[in-house]
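Undergrad: To start, I am sharing the structure in question, which I have written as structure tokens.
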Amino acid sequence: YAFHELYDSTKTIAQQIAEKNKFILRGEYKASSGSEIMLGATNVARGSVVVTAGGNTLTENIDYTVDYVSGIVTILNENLIASNTPIRVSLENRSTYSMQRKTMMGVNLQYDFSRNFTAGATLMHLSEMPITTKTALGEESIRNTLLGANIAYQGESQWLTNVVNNIPLLNLTQPSRIAFNAEFARTRGIPVRLFEYIMMLAIAVGIVLSIRLVGIVLLMSLLTVPQMIANLFTSSFKQMVALSIFISFVCCVCGLVLSFYMNVPSGAFIIFVMLLLFGVCKCLKT
């Protein structure tokens, strides 16, 4: 049922269409006027209330008064009330302002391990606390700390090109370019969070096994000495990681075997083997 003629024609034409002119709508309304206008705000700034009637600005304390604490405007001019002139009120609401102690600190660390590998972390802390012990709704104390980490890697791999080149109908010669960026990977739909959890799990397992093997004190040497030895021979991050793993494995095996035959603690002897190897390599390089 659509009575289009009621909107695009005159009332006389619409009444002549009997098949659509079937209903009569009646409505009522009720209104009242008063001398008080609620501003809906408290702690109103003095002098910020402007009252107009029919486009004319009224005078405070002559045509109206303002209770700035409770936010009430009282009309004094009886002629305005009797004439039902539309009255508009504008104001500056300061009810949402309050005195608070706010502290925001942050630090961003970025380290370039090599030309192709960069890692960093960001730490931010925000604290808000009202001066008074009585806290209003929406002004509760907060203390939040955010920690984020970022990592980026880019490089070239001829080995990857050779692997892909084995696919039929492909003839590839140029080195493949490898780029890793967590933010970019997240935009491509890659489950970055899953890989982060797997990496954290692998690190946790490695640390626990290292503590059981050499102890908590010697663990720091186990984590740093192989990298120091590898750094003597290469500055490439990829080669340094591979060489550090190989040095750690060889030193652990040699330390365990020698400590068994010499009847000495295995953890300390593994670190001794690493330090001895570092001293020999240092002398050879110099």
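Ligands are numbered from 1 in the order shown, chains are lettered A, B, ... in the order of the structure tokens, and residues start at 1 in each chain.
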Name the residues of segment 140-225 of chain A that come out as strand (DSSP E or B) in a backbone DSSP run; write them as a list in words.
TA: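 Taking segment 140-225 of chain A and keeping strand (DSSP E or B) gives Ile142, Arg143, Asn144, Thr145, Leu146, Leu147, Gly148, Ala149, Asn150, Ile151, Ala152, Tyr153, Gln154, Gly155, Glu156, Ser157, Ser176, Arg177, Ile178, Ala179, Phe180 and Asn181 of chain A.
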Undergrad: Hey, what's within 9 Å of segment 234-242 of chain A if we count only C-alpha atoms and toss same-chain stuff fewer than 5 positions away? As a compact mmCIF listing (two decimals) with C-alpha atoms, in the first residue's frame, please?
TA:
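Dumped to part_2.txt:
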# COMPACT_ATOMS: atom_id res chain seq x y z
CA PHE A 113 73.31 -6.29 13.97
CA SER A 114 74.36 -6.00 10.35
CA ARG A 115 73.36 -4.19 7.19
CA ASN A 116 70.58 -6.72 6.61
CA PHE A 117 69.36 -7.49 10.13
CA GLN A 227 79.25 -15.58 19.33
CA ILE A 247 81.06 -24.00 17.96
Undergrad: Mind checking DSSP for segment 44-272 of chain A and telling me the helix (DSSP H, G or I) residues as a PyMOL selection string?
TA: chain A and resi 78-83+158-165+182-187+192-214+216-231+237-262+266-272
Undergrad: Would you mind listing, for every residue of segment 115-233 of chain A within 9 Å of segment 266-285 of chain A, the two atoms forming the shortest contact and the distance between them in Å to one decimal, using only C-alpha atoms, sorted by chain and ascending residue number, as a Markdown table?
TA:
| residue | atom | partner | partner_atom | distance |
| --- | --- | --- | --- | --- |
| A:Leu213 | CA | A:Gly267 | CA | 6.1 |
| A:Val214 | CA | A:Gly267 | CA | 3.8 |
| A:Gly215 | CA | A:Gly267 | CA | 6.8 |
| A:Leu218 | CA | A:Ile271 | CA | 7.1 |
| A:Leu219 | CA | A:Ile271 | CA | 8.9 |
| A:Ser221 | CA | A:Ile271 | CA | 6.8 |
| A:Leu222 | CA | A:Ile271 | CA | 6.7 |
| A:Val225 | CA | A:Met274 | CA | 6.7 |
| A:Pro226 | CA | A:Met274 | CA | 7.2 |
| A:Met228 | CA | A:Phe278 | CA | 7.6 |
| A:Ile229 | CA | A:Phe278 | CA | 5.5 |
| A:Leu232 | CA | A:Lys282 | CA | 7.3 |
| A:Phe233 | CA | A:Lys285 | CA | 8.4 |
Undergrad: With C-alpha atoms kept, could you save the residues just selected as a tab-separated table (two decimals), in the first residue's frame?
TA:
chain	number	residue	atom	x	y	z
A	213	LEU	CA	73.67	-28.58	31.59
A	214	VAL	CA	75.99	-25.83	32.85
A	215	GLY	CA	74.09	-24.00	35.60
A	218	LEU	CA	77.83	-20.39	33.44
A	219	LEU	CA	74.86	-19.97	31.13
A	221	SER	CA	79.20	-17.53	29.10
A	222	LEU	CA	77.55	-20.26	27.03
A	225	VAL	CA	81.45	-16.91	24.08
A	226	PRO	CA	80.44	-18.83	20.90
A	228	MET	CA	82.51	-13.89	20.27
A	229	ILE	CA	84.47	-16.68	18.60
A	232	LEU	CA	86.43	-13.23	14.88
A	233	PHE	CA	85.94	-14.93	11.51
Undergrad: Rank nothing, just name the residue among A:Ile151, A:Leu223, A:Leu123, A:Val164 nearest to Glu183 of chain A, using only C-alpha atoms.
TA: A:Ile151
